[in-house]
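For reference, the structure discussed in these notes is given below.
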Amino acid sequence: MIYVENNSLNPYFNFALEYYLMNEKDLGDDIIFMFWRTNPTLMVGKFQNTIEEINQKYVEDNQINVVRRITGGGTIYTDLNGWQFTFITKNSRSSEIDFATFTKPIIDALKSQNIEARFNSRNDLLINGKKFSGNAQCIKDGCRLHHGSILFDTNIEAMVKSITVAEEKIISKGIKSIKERVTNVSSHLDKKMDALEFKELMLDSLLKESQGVYKLNEEDIKRVNEIKKEKFETWEWNYGASPKFNITKWKRYDGGKVEFKIDVNKGIIQNCVINGDFFGEGEVSDITSSLLGCKYNKEDIKNILSKIDIDKYFYKINKDEILECII
């Protein structure tokens, strides 16, 4: 096994690096390992609908990154007090998903710190029955990518707010529920330490059988940045790759209730209907027609609304409020 040193905090770069090591780079070893973290980020599963998984307003207000993985599974939140680990195995003879093999080193590393963790037979790791790690895999042309998360001292409140609706009652219940079901590793350590100290302790155990450390060179970094730009940073990958879906959103304003029913396919608005008890002189079909073919993206929709005389269609409701009602 060879350890690839990666200190980047950019999730788009880090996922591009996984992709590069899996598909393009030959390090002369059939097993590659990384241990890394990111700035606050929502990592969306390959087959998920991004729009339905995240609280877009909270994400934008708190500058949380959103990136789609190349693996399945659910959306996870991570920050600088959480860690990710990656195993890439080349020339694999098996085509079956296997979580147990790749989570065992994490269990063993924690055991060296007097923490009893276990695999729950699906894709999670638990401490005292509470989840602290989710895992995902994909296999392509004999190459297996396994990556997992580790909650070390992750902000649980931010986790809940970023993936649920904004109502405070729901958030409050969500935080309580999550705290009952998940746990941070830091709560179970014999001594207090920060995230970087925890990393070093984990690597002491995880790299016992390592054949060495590989540091990215300029050519590697250049290519990874190209993949990042071409794939993992794109709206088409992170949002447009979402499956076809229907969304209904409504708000009540001083001018009345407004409801948008929108059909979206591959991130593009295919159909739109506006209902409500608002007042207006114009035909709202003018607005729905303008939105057809537009990306279901805040900036694109905002640009279209900027060209419309909203006062003509909605009495006592402004453009920002209409935008809030659409996305």
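Every chain in the structure tokens has a letter given in the order shown (A, B, ...), and although residue numbers restart at 1 in each chain, ligands are simply numbered from 1 in the order shown.
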Item to check | Spatial neighbours of Phe232 (chain A), max dist 7 Å, only C-alpha atoms, sep filter under 6 positions, as a list in words | outcome: Tyr12, Ala16 and Val67 of chain A
Item to check | Secondary structure check, helix (DSSP H, G or I) residues of region 92-312 of chain A, as a VMD selection string | outcome: chain A and resid 100 to 111 156 to 163 168 to 181 185 to 188 195 to 206 218 to 232 235 to 240 285 to 291 298 to 305 310 to 312
Next on the checklist: Quick one: residues within 10 Å of region 124-136 of chain A, only C-alpha atoms, excluding same-chain residues fewer than 6 positions away - as a PyMOL selection string?
Outcome noted: chain A and resi 45+69-76+82-86+97-100+102-104+106-107+115-118+145-152+154+178-185+188
Checklist entry - Hey, what's within 10 Å of Cys272 (chain A) if we count only C-alpha atoms and toss same-chain stuff fewer than 3 positions away? As a VMD selection string, please? => result chain A and resid 246 to 248 260 to 264 269 285 287 to 292 326
Item to check | Atom-to-atom span, CA of Ile64 (chain A) and CA of Leu42 (chain A), Å | outcome: 7.0 Å
Within 12 Å of region 305-313 of chain A, counting only C-alpha atoms, which residues qualify if same-chain residues fewer than 4 places away don't, as a PDB file with all heavy atoms, in the first residue's frame?
```pdb
ATOM      1  N   GLY A 255     -48.889  40.252  -0.608  1.00  0.00           N
ATOM      2  CA  GLY A 255     -49.761  40.282  -1.785  1.00  0.00           C
ATOM      3  C   GLY A 255     -50.536  39.006  -2.021  1.00  0.00           C
ATOM      4  O   GLY A 255     -51.305  38.908  -2.973  1.00  0.00           O
ATOM      5  N   VAL A 258     -48.330  32.476  -3.331  1.00  0.00           N
ATOM      6  CA  VAL A 258     -47.824  32.133  -4.654  1.00  0.00           C
ATOM      7  C   VAL A 258     -47.281  30.713  -4.607  1.00  0.00           C
ATOM      8  O   VAL A 258     -46.532  30.360  -3.692  1.00  0.00           O
ATOM      9  CB  VAL A 258     -46.702  33.092  -5.114  1.00  0.00           C
ATOM     10  CG1 VAL A 258     -46.211  32.697  -6.507  1.00  0.00           C
ATOM     11  CG2 VAL A 258     -47.183  34.527  -5.101  1.00  0.00           C
ATOM     12  N   ILE A 274     -47.955  28.258 -12.318  1.00  0.00           N
ATOM     13  CA  ILE A 274     -48.037  29.186 -11.188  1.00  0.00           C
ATOM     14  C   ILE A 274     -49.481  29.266 -10.708  1.00  0.00           C
ATOM     15  O   ILE A 274     -50.391  29.548 -11.489  1.00  0.00           O
ATOM     16  CB  ILE A 274     -47.557  30.595 -11.585  1.00  0.00           C
ATOM     17  CG1 ILE A 274     -46.130  30.538 -12.137  1.00  0.00           C
ATOM     18  CG2 ILE A 274     -47.613  31.536 -10.377  1.00  0.00           C
ATOM     19  CD1 ILE A 274     -45.638  31.865 -12.688  1.00  0.00           C
ATOM     20  N   GLY A 276     -52.121  30.419  -7.079  1.00  0.00           N
ATOM     21  CA  GLY A 276     -52.154  31.234  -5.880  1.00  0.00           C
ATOM     22  C   GLY A 276     -53.341  32.172  -5.829  1.00  0.00           C
ATOM     23  O   GLY A 276     -54.163  32.227  -6.754  1.00  0.00           O
ATOM     24  N   PHE A 278     -52.910  35.525  -5.374  1.00  0.00           N
ATOM     25  CA  PHE A 278     -52.314  36.849  -5.570  1.00  0.00           C
ATOM     26  C   PHE A 278     -53.102  37.637  -6.624  1.00  0.00           C
ATOM     27  O   PHE A 278     -53.978  37.082  -7.319  1.00  0.00           O
ATOM     28  CB  PHE A 278     -50.850  36.695  -6.016  1.00  0.00           C
ATOM     29  CG  PHE A 278     -50.682  35.834  -7.242  1.00  0.00           C
ATOM     30  CD1 PHE A 278     -50.736  36.377  -8.521  1.00  0.00           C
ATOM     31  CD2 PHE A 278     -50.462  34.457  -7.117  1.00  0.00           C
ATOM     32  CE1 PHE A 278     -50.595  35.588  -9.650  1.00  0.00           C
ATOM     33  CE2 PHE A 278     -50.307  33.665  -8.239  1.00  0.00           C
ATOM     34  CZ  PHE A 278     -50.374  34.231  -9.508  1.00  0.00           C
ATOM     35  N   PHE A 279     -52.774  38.938  -6.758  1.00  0.00           N
ATOM     36  CA  PHE A 279     -53.388  39.794  -7.775  1.00  0.00           C
ATOM     37  C   PHE A 279     -52.340  40.187  -8.808  1.00  0.00           C
ATOM     38  O   PHE A 279     -51.145  40.283  -8.507  1.00  0.00           O
ATOM     39  CB  PHE A 279     -53.963  41.057  -7.136  1.00  0.00           C
ATOM     40  CG  PHE A 279     -55.049  40.788  -6.118  1.00  0.00           C
ATOM     41  CD1 PHE A 279     -54.751  40.718  -4.766  1.00  0.00           C
ATOM     42  CD2 PHE A 279     -56.357  40.602  -6.525  1.00  0.00           C
ATOM     43  CE1 PHE A 279     -55.731  40.469  -3.830  1.00  0.00           C
ATOM     44  CE2 PHE A 279     -57.346  40.356  -5.597  1.00  0.00           C
ATOM     45  CZ  PHE A 279     -57.039  40.281  -4.238  1.00  0.00           C
ATOM     46  N   GLY A 280     -52.782  40.427 -10.030  1.00  0.00           N
ATOM     47  CA  GLY A 280     -51.865  40.882 -11.060  1.00  0.00           C
ATOM     48  C   GLY A 280     -52.601  41.122 -12.366  1.00  0.00           C
ATOM     49  O   GLY A 280     -53.648  40.518 -12.627  1.00  0.00           O
ATOM     50  N   GLU A 281     -52.050  42.008 -13.190  1.00  0.00           N
ATOM     51  CA  GLU A 281     -52.687  42.336 -14.461  1.00  0.00           C
ATOM     52  C   GLU A 281     -52.187  41.465 -15.615  1.00  0.00           C
ATOM     53  O   GLU A 281     -52.906  41.217 -16.571  1.00  0.00           O
ATOM     54  CB  GLU A 281     -52.427  43.806 -14.806  1.00  0.00           C
ATOM     55  CG  GLU A 281     -53.036  44.784 -13.811  1.00  0.00           C
ATOM     56  CD  GLU A 281     -52.729  46.223 -14.184  1.00  0.00           C
ATOM     57  OE1 GLU A 281     -52.282  46.441 -15.327  1.00  0.00           O
ATOM     58  OE2 GLU A 281     -52.913  47.097 -13.341  1.00  0.00           O
ATOM     59  N   GLY A 282     -50.938  41.034 -15.542  1.00  0.00           N
ATOM     60  CA  GLY A 282     -50.359  40.272 -16.646  1.00  0.00           C
ATOM     61  C   GLY A 282     -50.726  38.799 -16.600  1.00  0.00           C
ATOM     62  O   GLY A 282     -51.213  38.280 -15.582  1.00  0.00           O
ATOM     63  N   GLU A 283     -50.478  38.098 -17.696  1.00  0.00           N
ATOM     64  CA  GLU A 283     -50.701  36.660 -17.774  1.00  0.00           C
ATOM     65  C   GLU A 283     -49.445  35.950 -17.258  1.00  0.00           C
ATOM     66  O   GLU A 283     -48.362  36.119 -17.815  1.00  0.00           O
ATOM     67  CB  GLU A 283     -50.995  36.239 -19.220  1.00  0.00           C
ATOM     68  CG  GLU A 283     -52.300  36.770 -19.777  1.00  0.00           C
ATOM     69  CD  GLU A 283     -53.502  36.160 -19.062  1.00  0.00           C
ATOM     70  OE1 GLU A 283     -53.386  35.012 -18.558  1.00  0.00           O
ATOM     71  OE2 GLU A 283     -54.543  36.831 -18.992  1.00  0.00           O
ATOM     72  N   VAL A 284     -49.598  35.133 -16.203  1.00  0.00           N
ATOM     73  CA  VAL A 284     -48.422  34.478 -15.625  1.00  0.00           C
ATOM     74  C   VAL A 284     -47.787  33.486 -16.594  1.00  0.00           C
ATOM     75  O   VAL A 284     -46.649  33.058 -16.404  1.00  0.00           O
ATOM     76  CB  VAL A 284     -48.769  33.762 -14.297  1.00  0.00           C
ATOM     77  CG1 VAL A 284     -49.092  34.776 -13.228  1.00  0.00           C
ATOM     78  CG2 VAL A 284     -49.897  32.759 -14.485  1.00  0.00           C
ATOM     79  N   SER A 285     -48.499  33.146 -17.662  1.00  0.00           N
ATOM     80  CA  SER A 285     -47.922  32.265 -18.677  1.00  0.00           C
ATOM     81  C   SER A 285     -46.704  32.924 -19.330  1.00  0.00           C
ATOM     82  O   SER A 285     -45.818  32.233 -19.844  1.00  0.00           O
ATOM     83  CB  SER A 285     -48.963  31.904 -19.744  1.00  0.00           C
ATOM     84  OG  SER A 285     -49.478  33.073 -20.362  1.00  0.00           O
ATOM     85  N   ASP A 286     -46.652  34.275 -19.293  1.00  0.00           N
ATOM     86  CA  ASP A 286     -45.473  34.975 -19.811  1.00  0.00           C
ATOM     87  C   ASP A 286     -44.226  34.582 -19.006  1.00  0.00           C
ATOM     88  O   ASP A 286     -43.142  34.399 -19.560  1.00  0.00           O
ATOM     89  CB  ASP A 286     -45.658  36.500 -19.717  1.00  0.00           C
ATOM     90  CG  ASP A 286     -46.806  36.998 -20.582  1.00  0.00           C
ATOM     91  OD1 ASP A 286     -47.233  36.257 -21.487  1.00  0.00           O
ATOM     92  OD2 ASP A 286     -47.275  38.136 -20.338  1.00  0.00           O
ATOM     93  N   ILE A 287     -44.424  34.456 -17.696  1.00  0.00           N
ATOM     94  CA  ILE A 287     -43.312  34.104 -16.815  1.00  0.00           C
ATOM     95  C   ILE A 287     -42.937  32.639 -16.977  1.00  0.00           C
ATOM     96  O   ILE A 287     -41.755  32.289 -17.096  1.00  0.00           O
ATOM     97  CB  ILE A 287     -43.663  34.409 -15.348  1.00  0.00           C
ATOM     98  CG1 ILE A 287     -43.879  35.911 -15.167  1.00  0.00           C
ATOM     99  CG2 ILE A 287     -42.569  33.899 -14.400  1.00  0.00           C
ATOM    100  CD1 ILE A 287     -44.346  36.302 -13.789  1.00  0.00           C
ATOM    101  N   THR A 288     -43.936  31.766 -16.986  1.00  0.00           N
ATOM    102  CA  THR A 288     -43.637  30.335 -17.122  1.00  0.00           C
ATOM    103  C   THR A 288     -42.941  30.051 -18.447  1.00  0.00           C
ATOM    104  O   THR A 288     -42.019  29.228 -18.504  1.00  0.00           O
ATOM    105  CB  THR A 288     -44.918  29.490 -16.999  1.00  0.00           C
ATOM    106  OG1 THR A 288     -45.871  29.895 -17.992  1.00  0.00           O
ATOM    107  CG2 THR A 288     -45.541  29.655 -15.621  1.00  0.00           C
ATOM    108  N   SER A 289     -43.359  30.730 -19.510  1.00  0.00           N
ATOM    109  CA  SER A 289     -42.710  30.535 -20.814  1.00  0.00           C
ATOM    110  C   SER A 289     -41.248  30.957 -20.775  1.00  0.00           C
ATOM    111  O   SER A 289     -40.374  30.322 -21.381  1.00  0.00           O
ATOM    112  CB  SER A 289     -43.452  31.325 -21.898  1.00  0.00           C
ATOM    113  OG  SER A 289     -44.764  30.853 -22.063  1.00  0.00           O
ATOM    114  N   SER A 290     -40.967  32.030 -20.055  1.00  0.00           N
ATOM    115  CA  SER A 290     -39.590  32.529 -19.956  1.00  0.00           C
ATOM    116  C   SER A 290     -38.687  31.555 -19.196  1.00  0.00           C
ATOM    117  O   SER A 290     -37.479  31.490 -19.448  1.00  0.00           O
ATOM    118  CB  SER A 290     -39.573  33.891 -19.251  1.00  0.00           C
ATOM    119  OG  SER A 290     -40.302  34.850 -19.980  1.00  0.00           O
ATOM    120  N   LEU A 291     -39.288  30.802 -18.258  1.00  0.00           N
ATOM    121  CA  LEU A 291     -38.496  29.889 -17.441  1.00  0.00           C
ATOM    122  C   LEU A 291     -38.207  28.556 -18.117  1.00  0.00           C
ATOM    123  O   LEU A 291     -37.264  27.843 -17.729  1.00  0.00           O
ATOM    124  CB  LEU A 291     -39.218  29.625 -16.117  1.00  0.00           C
ATOM    125  CG  LEU A 291     -39.288  30.810 -15.151  1.00  0.00           C
ATOM    126  CD1 LEU A 291     -40.208  30.474 -13.971  1.00  0.00           C
ATOM    127  CD2 LEU A 291     -37.898  31.175 -14.638  1.00  0.00           C
ATOM    128  N   CYS A 294     -34.622  26.888 -18.870  1.00  0.00           N
ATOM    129  CA  CYS A 294     -33.641  27.516 -17.970  1.00  0.00           C
ATOM    130  C   CYS A 294     -33.095  26.475 -16.991  1.00  0.00           C
ATOM    131  O   CYS A 294     -33.808  25.564 -16.579  1.00  0.00           O
ATOM    132  CB  CYS A 294     -34.312  28.655 -17.209  1.00  0.00           C
ATOM    133  SG  CYS A 294     -33.286  29.422 -15.925  1.00  0.00           S
ATOM    134  N   LYS A 298     -30.167  29.230  -9.195  1.00  0.00           N
ATOM    135  CA  LYS A 298     -30.569  30.535  -8.671  1.00  0.00           C
ATOM    136  C   LYS A 298     -30.135  31.691  -9.571  1.00  0.00           C
ATOM    137  O   LYS A 298     -30.930  32.594  -9.868  1.00  0.00           O
ATOM    138  CB  LYS A 298     -30.008  30.725  -7.265  1.00  0.00           C
ATOM    139  CG  LYS A 298     -30.519  31.984  -6.576  1.00  0.00           C
ATOM    140  CD  LYS A 298     -30.065  32.035  -5.123  1.00  0.00           C
ATOM    141  CE  LYS A 298     -30.646  33.245  -4.404  1.00  0.00           C
ATOM    142  NZ  LYS A 298     -30.250  33.277  -2.975  1.00  0.00           N
ATOM    143  N   GLU A 299     -28.886  31.694 -10.001  1.00  0.00           N
ATOM    144  CA  GLU A 299     -28.377  32.813 -10.794  1.00  0.00           C
ATOM    145  C   GLU A 299     -29.067  32.910 -12.142  1.00  0.00           C
ATOM    146  O   GLU A 299     -29.382  34.006 -12.625  1.00  0.00           O
ATOM    147  CB  GLU A 299     -26.864  32.693 -10.973  1.00  0.00           C
ATOM    148  CG  GLU A 299     -26.070  32.943  -9.702  1.00  0.00           C
ATOM    149  CD  GLU A 299     -26.389  34.300  -9.082  1.00  0.00           C
ATOM    150  OE1 GLU A 299     -26.418  35.299  -9.832  1.00  0.00           O
ATOM    151  OE2 GLU A 299     -26.614  34.361  -7.859  1.00  0.00           O
ATOM    152  N   ASP A 300     -29.294  31.771 -12.792  1.00  0.00           N
ATOM    153  CA  ASP A 300     -29.957  31.774 -14.104  1.00  0.00           C
ATOM    154  C   ASP A 300     -31.402  32.245 -13.996  1.00  0.00           C
ATOM    155  O   ASP A 300     -31.883  33.019 -14.829  1.00  0.00           O
ATOM    156  CB  ASP A 300     -29.891  30.379 -14.717  1.00  0.00           C
ATOM    157  CG  ASP A 300     -28.490  30.005 -15.148  1.00  0.00           C
ATOM    158  OD1 ASP A 300     -27.636  29.814 -14.273  1.00  0.00           O
ATOM    159  OD2 ASP A 300     -28.238  29.909 -16.366  1.00  0.00           O
ATOM    160  N   ILE A 301     -32.100  31.769 -12.969  1.00  0.00           N
ATOM    161  CA  ILE A 301     -33.495  32.186 -12.778  1.00  0.00           C
ATOM    162  C   ILE A 301     -33.554  33.670 -12.417  1.00  0.00           C
ATOM    163  O   ILE A 301     -34.416  34.410 -12.906  1.00  0.00           O
ATOM    164  CB  ILE A 301     -34.166  31.324 -11.695  1.00  0.00           C
ATOM    165  CG1 ILE A 301     -34.259  29.870 -12.168  1.00  0.00           C
ATOM    166  CG2 ILE A 301     -35.555  31.859 -11.350  1.00  0.00           C
ATOM    167  CD1 ILE A 301     -34.722  28.900 -11.096  1.00  0.00           C
ATOM    168  N   ILE A 317     -45.629  41.933  -4.336  1.00  0.00           N
ATOM    169  CA  ILE A 317     -44.658  40.839  -4.237  1.00  0.00           C
ATOM    170  C   ILE A 317     -43.488  41.205  -5.148  1.00  0.00           C
ATOM    171  O   ILE A 317     -43.692  41.496  -6.334  1.00  0.00           O
ATOM    172  CB  ILE A 317     -45.254  39.482  -4.667  1.00  0.00           C
ATOM    173  CG1 ILE A 317     -46.513  39.176  -3.832  1.00  0.00           C
ATOM    174  CG2 ILE A 317     -44.228  38.364  -4.510  1.00  0.00           C
ATOM    175  CD1 ILE A 317     -47.260  37.933  -4.299  1.00  0.00           C
ATOM    176  N   ASN A 318     -42.274  41.214  -4.614  1.00  0.00           N
ATOM    177  CA  ASN A 318     -41.136  41.654  -5.423  1.00  0.00           C
ATOM    178  C   ASN A 318     -40.352  40.490  -6.038  1.00  0.00           C
ATOM    179  O   ASN A 318     -40.646  39.313  -5.782  1.00  0.00           O
ATOM    180  CB  ASN A 318     -40.202  42.549  -4.597  1.00  0.00           C
ATOM    181  CG  ASN A 318     -39.612  41.846  -3.389  1.00  0.00           C
ATOM    182  OD1 ASN A 318     -39.156  40.714  -3.474  1.00  0.00           O
ATOM    183  ND2 ASN A 318     -39.615  42.535  -2.240  1.00  0.00           N
ATOM    184  N   LYS A 319     -39.333  40.824  -6.822  1.00  0.00           N
ATOM    185  CA  LYS A 319     -38.567  39.803  -7.550  1.00  0.00           C
ATOM    186  C   LYS A 319     -37.838  38.852  -6.616  1.00  0.00           C
ATOM    187  O   LYS A 319     -37.768  37.648  -6.876  1.00  0.00           O
ATOM    188  CB  LYS A 319     -37.575  40.477  -8.500  1.00  0.00           C
ATOM    189  CG  LYS A 319     -38.241  41.157  -9.680  1.00  0.00           C
ATOM    190  CD  LYS A 319     -37.224  41.814 -10.611  1.00  0.00           C
ATOM    191  CE  LYS A 319     -37.944  42.511 -11.763  1.00  0.00           C
ATOM    192  NZ  LYS A 319     -37.003  43.183 -12.692  1.00  0.00           N
ATOM    193  N   ASP A 320     -37.269  39.392  -5.549  1.00  0.00           N
ATOM    194  CA  ASP A 320     -36.551  38.526  -4.600  1.00  0.00           C
ATOM    195  C   ASP A 320     -37.484  37.504  -3.950  1.00  0.00           C
ATOM    196  O   ASP A 320     -37.105  36.349  -3.708  1.00  0.00           O
ATOM    197  CB  ASP A 320     -35.863  39.361  -3.517  1.00  0.00           C
ATOM    198  CG  ASP A 320     -34.682  40.145  -4.045  1.00  0.00           C
ATOM    199  OD1 ASP A 320     -34.132  39.764  -5.110  1.00  0.00           O
ATOM    200  OD2 ASP A 320     -34.294  41.156  -3.408  1.00  0.00           O
ATOM    201  N   GLU A 321     -38.716  37.927  -3.683  1.00  0.00           N
ATOM    202  CA  GLU A 321     -39.679  37.013  -3.076  1.00  0.00           C
ATOM    203  C   GLU A 321     -40.118  35.938  -4.074  1.00  0.00           C
ATOM    204  O   GLU A 321     -40.295  34.777  -3.695  1.00  0.00           O
ATOM    205  CB  GLU A 321     -40.880  37.820  -2.562  1.00  0.00           C
ATOM    206  CG  GLU A 321     -40.540  38.692  -1.351  1.00  0.00           C
ATOM    207  CD  GLU A 321     -41.638  39.640  -0.967  1.00  0.00           C
ATOM    208  OE1 GLU A 321     -42.396  40.093  -1.863  1.00  0.00           O
ATOM    209  OE2 GLU A 321     -41.744  39.959   0.243  1.00  0.00           O
ATOM    210  N   ILE A 322     -40.269  36.309  -5.325  1.00  0.00           N
ATOM    211  CA  ILE A 322     -40.616  35.321  -6.352  1.00  0.00           C
ATOM    212  C   ILE A 322     -39.479  34.339  -6.537  1.00  0.00           C
ATOM    213  O   ILE A 322     -39.689  33.119  -6.642  1.00  0.00           O
ATOM    214  CB  ILE A 322     -40.953  36.032  -7.692  1.00  0.00           C
ATOM    215  CG1 ILE A 322     -42.260  36.828  -7.554  1.00  0.00           C
ATOM    216  CG2 ILE A 322     -41.084  34.995  -8.821  1.00  0.00           C
ATOM    217  CD1 ILE A 322     -43.486  35.983  -7.222  1.00  0.00           C
ATOM    218  N   LEU A 323     -38.259  34.832  -6.545  1.00  0.00           N
ATOM    219  CA  LEU A 323     -37.084  33.949  -6.672  1.00  0.00           C
ATOM    220  C   LEU A 323     -37.038  32.970  -5.518  1.00  0.00           C
ATOM    221  O   LEU A 323     -36.784  31.771  -5.707  1.00  0.00           O
ATOM    222  CB  LEU A 323     -35.804  34.806  -6.700  1.00  0.00           C
ATOM    223  CG  LEU A 323     -34.485  34.040  -6.811  1.00  0.00           C
ATOM    224  CD1 LEU A 323     -34.413  33.284  -8.135  1.00  0.00           C
ATOM    225  CD2 LEU A 323     -33.298  34.992  -6.683  1.00  0.00           C
ATOM    226  N   GLU A 324     -37.325  33.462  -4.308  1.00  0.00           N
ATOM    227  CA  GLU A 324     -37.331  32.621  -3.114  1.00  0.00           C
ATOM    228  C   GLU A 324     -38.387  31.534  -3.222  1.00  0.00           C
ATOM    229  O   GLU A 324     -38.233  30.424  -2.690  1.00  0.00           O
ATOM    230  CB  GLU A 324     -37.610  33.502  -1.885  1.00  0.00           C
ATOM    231  CG  GLU A 324     -37.706  32.747  -0.577  1.00  0.00           C
ATOM    232  CD  GLU A 324     -38.161  33.631   0.566  1.00  0.00           C
ATOM    233  OE1 GLU A 324     -39.006  34.530   0.335  1.00  0.00           O
ATOM    234  OE2 GLU A 324     -37.678  33.427   1.685  1.00  0.00           O
ATOM    235  N   ILE A 326     -39.354  30.140  -6.059  1.00  0.00           N
ATOM    236  CA  ILE A 326     -39.015  29.185  -7.134  1.00  0.00           C
ATOM    237  C   ILE A 326     -37.923  28.224  -6.698  1.00  0.00           C
ATOM    238  O   ILE A 326     -37.988  27.022  -6.964  1.00  0.00           O
ATOM    239  CB  ILE A 326     -38.557  29.955  -8.405  1.00  0.00           C
ATOM    240  CG1 ILE A 326     -39.702  30.828  -8.941  1.00  0.00           C
ATOM    241  CG2 ILE A 326     -38.091  28.981  -9.478  1.00  0.00           C
ATOM    242  CD1 ILE A 326     -39.291  31.717 -10.098  1.00  0.00           C
TER     243      ILE A 326
END
```
